[in-house]
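Novice: One structure coming up, written as structure tokens, with questions to follow.
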Amino acid sequence: MSDNPIQLLTTSSPGDDERLASLHATLVERASGESSLDASYRVVDSPVGPLLLAATAKGVVRVAFEVEDHDRVLESLGASVGSRILRGGTRLDALARELDDYFAGRRHAFDVSLDLRLARGFRLTVLRHLSEIPYGSTESYGEVAVASGSPRAVRAVGSACATNPLPIVVPCHRVVRSDGSLGGYLGGLPAKERLLALERAA
Amino acid sequence: MKHPFEQAVTEHGAVVLRVCRAVLGPAEADDAWSETFLSALRAWPDLPDDANVRAWLVTIAHRKAVDVVRAGARHAVPVAEVPEAAAPRADEPEESLPDGELWGAVAALPEKQRLCVAYHHVAGLPHPEVARIVGGTPAAARRAAADGIARLRSTYAPHGRVSTHV
């Protein structure tokens with residue numbers, strides 16, 4: 001076969017995948033060390049499906065359900081925090097551990113530092129209040145509106161929850177309708193039900 | 001809109017590693033790969049959205065390879081030009097790769113042929129793009145790549161471990 005050398009030159013060698021994985025890990029480490037990384041991310045499994053976790057140097061900036069489309073979430077993260085984004089690294093290890101504990105019922109609040117830059121104005125005010133709703137309890141959209149200083153902004157509370165960049169960690173699943181029905185959820189209603197059931201049981 | 005840099009690593013990481021091996025030999029390839037992608041990451045936001053990402057990465061890898069060769073040369077005898085070939089050092093694990101012989105044969109090519117083979121055949125860049133990186137005309141780049149492959153056929157394939165016909 002006359003093109004043998006060409007074929008060999010373009011075929012990957014056995015062991016290349018492992019080598020590239022270790023080169024990639026070193027790249028993430030060096031990039032975070034010299035802070036040329038806008039964000040890093042990883043995907044973890046959970047009882048509510050795979051979760052995308054992303055962090056900047058400041059803290060966790062995004063948690064996304066699979067239904068949000070992880071590729072799209074990363075693209076839009078590139079547009080908002082910067083495109084120097086790599087998978088892996090150690091930045092998200094703490095959150096991954098805390099999520100494991102949360103889903104096992106062993107943890108009721110998250111201690112990781114958060115980067116709330118993706119939320120602004122009233123939505124940010126709402127998110128700050130959400131973190132004060134105790135584990136295992138719920139508030140209505142109206143109650144959240146009152147607590148956020150704009151009693152008539154019930155719909156705006158709904159959209160603040162629907163665009164929460166940090167679901168689960170900032171517990172928008174604890175906001176339900178005043179008649180006790182679930183309302184909406186960015187991760188899908190089964191996920192909301194599951195989180196509320198988990199917190200009731202613990 | 002600029003894609004996350006991870007996408008560039010996923011799509012081009014393996015090819016750039018092979019380009020580095022072809023240009024520098026397996027022993028130096030990992031370092032060159034790391035320097036290339038670290039530089040690329042820093043410059044990523046400034047790259048135009050419609051740029052050819054692979055050609056851009058190979059251009060960076062080329063500069064890093066020249067740096068590596070020059071740094072090696074500084075420790076040895078000073079030379080005015082980039083040495084003819086970044087020949088594999090005897091103490092380096094050339095054979096640790098299953099296709100170490102192939103890289104050995106590539107390392108033995110004259111510099112221009114080696115670079116043109118790496119950037120055209122390994123990276124898949126068109127000859128004009130290769131010429132832009134290594135200098136000279138596209139026709140000269142095409143000739144160097146063809147000469148390089150012809151030479152590899154005579155130096156490597158006949159003695160290769162891989163049988164061509166089963």
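By order in the structure tokens, chains are A, B, ...; within a chain, residues start at 1; ligands start at 1, following the order shown.
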Write out as an MDAnalysis selection string which residues come within 9 Å of Leu152 (chain B) when counting only C-alpha atoms, dropping same-chain ones fewer than 5 positions away.

Specialist: (chainID A and resid 5) or (chainID B and resid 102 105:106 109 147 157)

Novice: Print the selection's residues with N, CA and C atoms to a file, as a PDB file, in the first residue's frame.

Specialist:
ATOM      1  N   PRO A   5       2.891   5.474   4.864  1.00  0.00           N
ATOM      2  CA  PRO A   5       3.392   6.450   5.832  1.00  0.00           C
ATOM      3  C   PRO A   5       2.370   7.542   6.140  1.00  0.00           C
TER       4      PRO A   5
ATOM      5  N   LEU B 102       8.335   5.227  13.362  1.00  0.00           N
ATOM      6  CA  LEU B 102       7.794   6.183  12.411  1.00  0.00           C
ATOM      7  C   LEU B 102       8.307   7.583  12.745  1.00  0.00           C
ATOM      8  N   ALA B 105      11.839   8.063  11.833  1.00  0.00           N
ATOM      9  CA  ALA B 105      12.025   8.302  10.400  1.00  0.00           C
ATOM     10  C   ALA B 105      11.658   9.740  10.039  1.00  0.00           C
ATOM     11  N   VAL B 106      10.587  10.245  10.667  1.00  0.00           N
ATOM     12  CA  VAL B 106      10.181  11.629  10.405  1.00  0.00           C
ATOM     13  C   VAL B 106      11.255  12.589  10.914  1.00  0.00           C
ATOM     14  N   LEU B 109      14.095  13.377   8.592  1.00  0.00           N
ATOM     15  CA  LEU B 109      13.861  14.160   7.362  1.00  0.00           C
ATOM     16  C   LEU B 109      14.554  15.517   7.469  1.00  0.00           C
ATOM     17  N   ASP B 147       8.307  15.336  -1.334  1.00  0.00           N
ATOM     18  CA  ASP B 147       9.649  14.765  -1.179  1.00  0.00           C
ATOM     19  C   ASP B 147       9.772  14.060   0.167  1.00  0.00           C
ATOM     20  N   ALA B 157       8.935   2.710   5.517  1.00  0.00           N
ATOM     21  CA  ALA B 157       7.984   1.646   5.178  1.00  0.00           C
ATOM     22  C   ALA B 157       8.636   0.285   4.931  1.00  0.00           C
TER      23      ALA B 157
END

Novice: Residues at most 12 Å from region 145-153 of chain A, counting only C-alpha atoms, excluding those fewer than 2 positions away in the same chain, as a ChimeraX atom specification?

Specialist: /A:121-133,139-143,155-161,175

Novice: Please give the complete set of residues from region 12-145 of chain A that DSSP, run on the backbone, assigns to alpha helix (DSSP H), formatted as number ranges by chain.

Specialist: A: 16-33, 70-81, 93-103, 121-130, 141-145

Novice: For chain B against chain A, with a cut-off of 10 Å and counting only C-alpha atoms, what is the closest atom pair and its distance in Å to one decimal for every residue that makes the cut, ordered by chain and number, as JSON lines?

Specialist:
{"residue": "B:Met1", "atom": "CA", "partner": "A:Ala79", "partner_atom": "CA", "distance": 6.7}
{"residue": "B:Lys2", "atom": "CA", "partner": "A:Ser83", "partner_atom": "CA", "distance": 6.3}
{"residue": "B:His3", "atom": "CA", "partner": "A:Glu75", "partner_atom": "CA", "distance": 5.9}
{"residue": "B:Pro4", "atom": "CA", "partner": "A:Ser83", "partner_atom": "CA", "distance": 4.6}
{"residue": "B:Phe5", "atom": "CA", "partner": "A:Arg84", "partner_atom": "CA", "distance": 5.3}
{"residue": "B:Glu6", "atom": "CA", "partner": "A:Leu86", "partner_atom": "CA", "distance": 4.7}
{"residue": "B:Gln7", "atom": "CA", "partner": "A:Leu86", "partner_atom": "CA", "distance": 8.4}
{"residue": "B:Ala8", "atom": "CA", "partner": "A:Leu86", "partner_atom": "CA", "distance": 9.8}
{"residue": "B:Val9", "atom": "CA", "partner": "A:His24", "partner_atom": "CA", "distance": 8.1}
{"residue": "B:Thr10", "atom": "CA", "partner": "A:His24", "partner_atom": "CA", "distance": 9.5}
{"residue": "B:Gly13", "atom": "CA", "partner": "A:Leu20", "partner_atom": "CA", "distance": 7.3}
{"residue": "B:Ala14", "atom": "CA", "partner": "A:Leu20", "partner_atom": "CA", "distance": 7.0}
{"residue": "B:Val15", "atom": "CA", "partner": "A:Thr10", "partner_atom": "CA", "distance": 7.9}
{"residue": "B:Leu17", "atom": "CA", "partner": "A:Leu20", "partner_atom": "CA", "distance": 8.1}
{"residue": "B:Arg18", "atom": "CA", "partner": "A:Leu9", "partner_atom": "CA", "distance": 7.7}
{"residue": "B:Val19", "atom": "CA", "partner": "A:Leu9", "partner_atom": "CA", "distance": 9.0}
{"residue": "B:Arg21", "atom": "CA", "partner": "A:Leu9", "partner_atom": "CA", "distance": 9.9}
{"residue": "B:Ala22", "atom": "CA", "partner": "A:Leu9", "partner_atom": "CA", "distance": 8.3}
{"residue": "B:Asp30", "atom": "CA", "partner": "A:Leu23", "partner_atom": "CA", "distance": 7.3}
{"residue": "B:Asp31", "atom": "CA", "partner": "A:Leu23", "partner_atom": "CA", "distance": 8.9}
{"residue": "B:Trp33", "atom": "CA", "partner": "A:Leu23", "partner_atom": "CA", "distance": 7.9}
{"residue": "B:Ser34", "atom": "CA", "partner": "A:Leu27", "partner_atom": "CA", "distance": 6.4}
{"residue": "B:Glu35", "atom": "CA", "partner": "A:Leu27", "partner_atom": "CA", "distance": 8.8}
{"residue": "B:Phe37", "atom": "CA", "partner": "A:Leu27", "partner_atom": "CA", "distance": 7.4}
{"residue": "B:Leu38", "atom": "CA", "partner": "A:Leu27", "partner_atom": "CA", "distance": 6.6}
{"residue": "B:Ser39", "atom": "CA", "partner": "A:Ala31", "partner_atom": "CA", "distance": 9.7}
{"residue": "B:Ala40", "atom": "CA", "partner": "A:Arg84", "partner_atom": "CA", "distance": 9.6}
{"residue": "B:Leu41", "atom": "CA", "partner": "A:Arg84", "partner_atom": "CA", "distance": 6.1}
{"residue": "B:Arg42", "atom": "CA", "partner": "A:Ser36", "partner_atom": "CA", "distance": 6.0}
{"residue": "B:Ala43", "atom": "CA", "partner": "A:Arg84", "partner_atom": "CA", "distance": 8.9}
{"residue": "B:Trp44", "atom": "CA", "partner": "A:Arg84", "partner_atom": "CA", "distance": 6.7}
{"residue": "B:Pro45", "atom": "CA", "partner": "A:Ser83", "partner_atom": "CA", "distance": 6.4}
{"residue": "B:Leu97", "atom": "CA", "partner": "A:Ser13", "partner_atom": "CA", "distance": 7.5}
{"residue": "B:Pro98", "atom": "CA", "partner": "A:Ser13", "partner_atom": "CA", "distance": 7.0}
{"residue": "B:Asp99", "atom": "CA", "partner": "A:Ser13", "partner_atom": "CA", "distance": 6.9}
{"residue": "B:Gly100", "atom": "CA", "partner": "A:Ser13", "partner_atom": "CA", "distance": 9.8}
{"residue": "B:Leu102", "atom": "CA", "partner": "A:Leu8", "partner_atom": "CA", "distance": 7.9}
{"residue": "B:Trp103", "atom": "CA", "partner": "A:Leu9", "partner_atom": "CA", "distance": 8.7}
{"residue": "B:Ala105", "atom": "CA", "partner": "A:Pro5", "partner_atom": "CA", "distance": 9.9}
{"residue": "B:Val106", "atom": "CA", "partner": "A:Leu9", "partner_atom": "CA", "distance": 9.4}
{"residue": "B:Val117", "atom": "CA", "partner": "A:Ile6", "partner_atom": "CA", "distance": 8.9}
{"residue": "B:Ala118", "atom": "CA", "partner": "A:Leu9", "partner_atom": "CA", "distance": 8.4}
{"residue": "B:His121", "atom": "CA", "partner": "A:Ile6", "partner_atom": "CA", "distance": 6.6}
{"residue": "B:Val122", "atom": "CA", "partner": "A:Thr10", "partner_atom": "CA", "distance": 5.4}
{"residue": "B:Ala123", "atom": "CA", "partner": "A:Thr10", "partner_atom": "CA", "distance": 8.1}
{"residue": "B:Gly124", "atom": "CA", "partner": "A:Thr10", "partner_atom": "CA", "distance": 8.9}
{"residue": "B:Ile149", "atom": "CA", "partner": "A:Pro5", "partner_atom": "CA", "distance": 7.1}
{"residue": "B:Ala150", "atom": "CA", "partner": "A:Pro5", "partner_atom": "CA", "distance": 9.1}
{"residue": "B:Arg151", "atom": "CA", "partner": "A:Pro5", "partner_atom": "CA", "distance": 9.9}
{"residue": "B:Leu152", "atom": "CA", "partner": "A:Pro5", "partner_atom": "CA", "distance": 6.6}
{"residue": "B:Arg153", "atom": "CA", "partner": "A:Pro5", "partner_atom": "CA", "distance": 6.4}
{"residue": "B:Ser154", "atom": "CA", "partner": "A:Pro5", "partner_atom": "CA", "distance": 9.9}
{"residue": "B:Tyr156", "atom": "CA", "partner": "A:Pro5", "partner_atom": "CA", "distance": 7.7}
{"residue": "B:Ala157", "atom": "CA", "partner": "A:Pro5", "partner_atom": "CA", "distance": 6.7}
{"residue": "B:Gly160", "atom": "CA", "partner": "A:Pro5", "partner_atom": "CA", "distance": 9.5}
{"residue": "B:Val162", "atom": "CA", "partner": "A:Asn4", "partner_atom": "CA", "distance": 9.1}
{"residue": "B:Ser163", "atom": "CA", "partner": "A:Met1", "partner_atom": "CA", "distance": 9.4}
{"residue": "B:Thr164", "atom": "CA", "partner": "A:Met1", "partner_atom": "CA", "distance": 5.7}
{"residue": "B:His165", "atom": "CA", "partner": "A:Met1", "partner_atom": "CA", "distance": 7.1}

Novice: If you run DSSP over the backbone, which residues in chain A end up strand (DSSP E or B)? Put them as a list in words.

Specialist: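 Of chain A, the ones in strand (DSSP E or B) are Ala39, Ser40, Tyr41, Arg42, Val43, Val44, Leu51, Leu52, Leu53, Ala54, Ala55, Val60, Val61, Arg62, Val63, Ala64, Phe65, Ile85, Leu86, Arg87, Leu114, Glu139, Ser140, Val175 and Val176 of chain A.
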
Novice: Find the residues near Ala131 (chain B): any atom within 9 Å, counting only C-alpha atoms, skip ones fewer than 5 places away on the same chain, and give them as a PyMOL selection string.

Specialist: chain B and resi 116+126+136-142

Novice: Please, what distance in Å, to one decimal, runs between CA of Gly49 (chain A) and CA of His70 (chain A)?

Specialist: 11.9 Å

Novice: Figure out the distance between CA of Leu195 (chain A) and CA of Val112 (chain A), please, to one decimal in Å.

Specialist: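 Calculated distance between CA of Val112 (chain A) and CA of Leu195 (chain A) is 19.4 Å.
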
Novice: Find, counting only C-alpha atoms, the residue in B:Lys64, B:Cys20, B:Val53, B:Thr155 that gets nearest to Glu101 (chain B).

Specialist: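 Ranked by minimum distance to Glu101 (chain B), first place goes to B:Thr155.
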
Novice: What gap, in Å, lies between CA of Arg194 (chain A) and CA of Leu166 (chain A)?

Specialist: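 The value is 17.2 Å.
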
Novice: If we count only C-alpha atoms, what is near Pro165 (chain A) at a cut-off of 10 Å, once residues fewer than 6 positions away on the same chain are taken out, given as a list in words?

Specialist: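 Surrounding residues, per the criterion: Val60, Val61, Arg62, Val63, Ala64, Val73, Asp115, Leu116, Arg117, Leu118, Ala119, Leu127 and Leu186 of chain A.
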
Novice: May I have the selected residues written with C-alpha atoms, as an mmCIF file, in the first residue's frame?

Specialist:
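See part-v4.cif below for the written result:
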data_model
loop_
_atom_site.group_PDB
_atom_site.id
_atom_site.type_symbol
_atom_site.label_atom_id
_atom_site.label_comp_id
_atom_site.auth_asym_id
_atom_site.auth_seq_id
_atom_site.Cartn_x
_atom_site.Cartn_y
_atom_site.Cartn_z
ATOM 1 C CA VAL A 60 -19.704 28.721 41.516
ATOM 2 C CA VAL A 61 -21.336 30.644 38.695
ATOM 3 C CA ARG A 62 -23.705 28.113 37.121
ATOM 4 C CA VAL A 63 -25.524 24.898 37.858
ATOM 5 C CA ALA A 64 -27.542 23.524 34.949
ATOM 6 C CA VAL A 73 -25.332 26.658 28.631
ATOM 7 C CA ASP A 115 -20.421 34.083 41.856
ATOM 8 C CA LEU A 116 -23.820 35.695 41.257
ATOM 9 C CA ARG A 117 -22.732 37.819 38.292
ATOM 10 C CA LEU A 118 -25.292 36.193 35.999
ATOM 11 C CA ALA A 119 -28.182 37.710 37.972
ATOM 12 C CA LEU A 127 -32.026 34.996 44.659
ATOM 13 C CA LEU A 186 -36.334 25.219 35.140
#

Novice: Any idea what's packed within 12 Å of Leu182 (chain A), counting only C-alpha atoms, ignoring anything in its chain fewer than 2 positions away? Could you give it as a CSV table (one decimal) with N, CA and C atoms, in the first residue's frame?

Specialist:
chain,number,residue,atom,x,y,z
A,138,THR,N,-41.3,25.7,52.3
A,138,THR,CA,-41.5,26.4,51.0
A,138,THR,C,-42.1,27.7,51.3
A,139,GLU,N,-42.1,28.6,50.3
A,139,GLU,CA,-42.7,29.9,50.3
A,139,GLU,C,-43.5,30.0,49.0
A,140,SER,N,-44.5,30.9,49.0
A,140,SER,CA,-45.2,31.1,47.7
A,140,SER,C,-44.5,32.2,47.0
A,141,TYR,N,-44.8,32.3,45.7
A,141,TYR,CA,-44.2,33.3,44.8
A,141,TYR,C,-44.6,34.7,45.4
A,158,GLY,N,-41.4,34.8,39.6
A,158,GLY,CA,-41.5,33.6,38.8
A,158,GLY,C,-40.4,33.6,37.8
A,172,CYS,N,-34.5,27.7,44.5
A,172,CYS,CA,-35.7,28.2,43.9
A,172,CYS,C,-36.8,27.1,43.9
A,173,HIS,N,-36.4,25.8,44.1
A,173,HIS,CA,-37.4,24.8,44.1
A,173,HIS,C,-38.3,24.9,45.4
A,174,ARG,N,-37.9,25.7,46.3
A,174,ARG,CA,-38.7,25.9,47.5
A,174,ARG,C,-39.8,26.9,47.3
A,175,VAL,N,-39.9,27.5,46.1
A,175,VAL,CA,-41.0,28.4,45.9
A,175,VAL,C,-42.1,27.7,45.1
A,176,VAL,N,-43.3,27.8,45.7
A,176,VAL,CA,-44.4,27.1,45.1
A,176,VAL,C,-45.6,28.0,45.0
A,177,ARG,N,-46.7,27.6,44.4
A,177,ARG,CA,-47.9,28.5,44.3
A,177,ARG,C,-48.6,28.6,45.6
A,178,SER,N,-49.4,29.6,45.8
A,178,SER,CA,-50.0,29.8,47.1
A,178,SER,C,-51.1,28.7,47.4
A,179,ASP,N,-51.6,28.1,46.3
A,179,ASP,CA,-52.6,27.0,46.5
A,179,ASP,C,-51.9,25.7,46.8
A,180,GLY,N,-50.5,25.7,46.9
A,180,GLY,CA,-49.8,24.5,47.2
A,180,GLY,C,-49.4,23.7,46.0
A,184,GLY,N,-43.8,26.3,38.4
A,184,GLY,CA,-42.8,25.8,37.4
A,184,GLY,C,-41.5,25.5,37.9
A,185,TYR,N,-40.6,24.9,37.1
A,185,TYR,CA,-39.2,24.7,37.5
A,185,TYR,C,-38.4,24.6,36.3
A,188,GLY,N,-37.5,21.1,35.2
A,188,GLY,CA,-38.7,20.2,35.0
A,188,GLY,C,-39.4,19.9,36.3
A,189,LEU,N,-40.7,19.8,36.2
A,189,LEU,CA,-41.5,19.5,37.5
A,189,LEU,C,-41.1,18.3,38.2
A,190,PRO,N,-40.8,17.1,37.5
A,190,PRO,CA,-40.3,15.9,38.3
A,190,PRO,C,-39.1,16.2,39.1
A,191,ALA,N,-38.2,17.0,38.7
A,191,ALA,CA,-37.0,17.3,39.5
A,191,ALA,C,-37.4,18.2,40.7
A,192,LYS,N,-38.3,19.1,40.5
A,192,LYS,CA,-38.7,19.9,41.6
A,192,LYS,C,-39.4,19.1,42.7
A,193,GLU,N,-40.3,18.2,42.2
A,193,GLU,CA,-41.0,17.3,43.1
A,193,GLU,C,-40.0,16.4,43.9
A,194,ARG,N,-39.0,15.9,43.2
A,194,ARG,CA,-38.0,15.1,43.8
A,194,ARG,C,-37.2,15.8,44.9
A,195,LEU,N,-36.8,17.1,44.6
A,195,LEU,CA,-36.0,17.8,45.6
A,195,LEU,C,-36.9,18.1,46.8
A,196,LEU,N,-38.2,18.5,46.6
A,196,LEU,CA,-39.0,18.8,47.7
A,196,LEU,C,-39.3,17.5,48.6
A,197,ALA,N,-39.5,16.4,47.9
A,197,ALA,CA,-39.7,15.1,48.6
A,197,ALA,C,-38.5,14.8,49.4

Novice: Name the closest residue to Ser46 (chain A) among the candidates A:Arg72, A:Glu18, A:Gly89, A:Arg97; distances are taken between atoms, counting only C-alpha atoms.

Specialist: A:Arg97
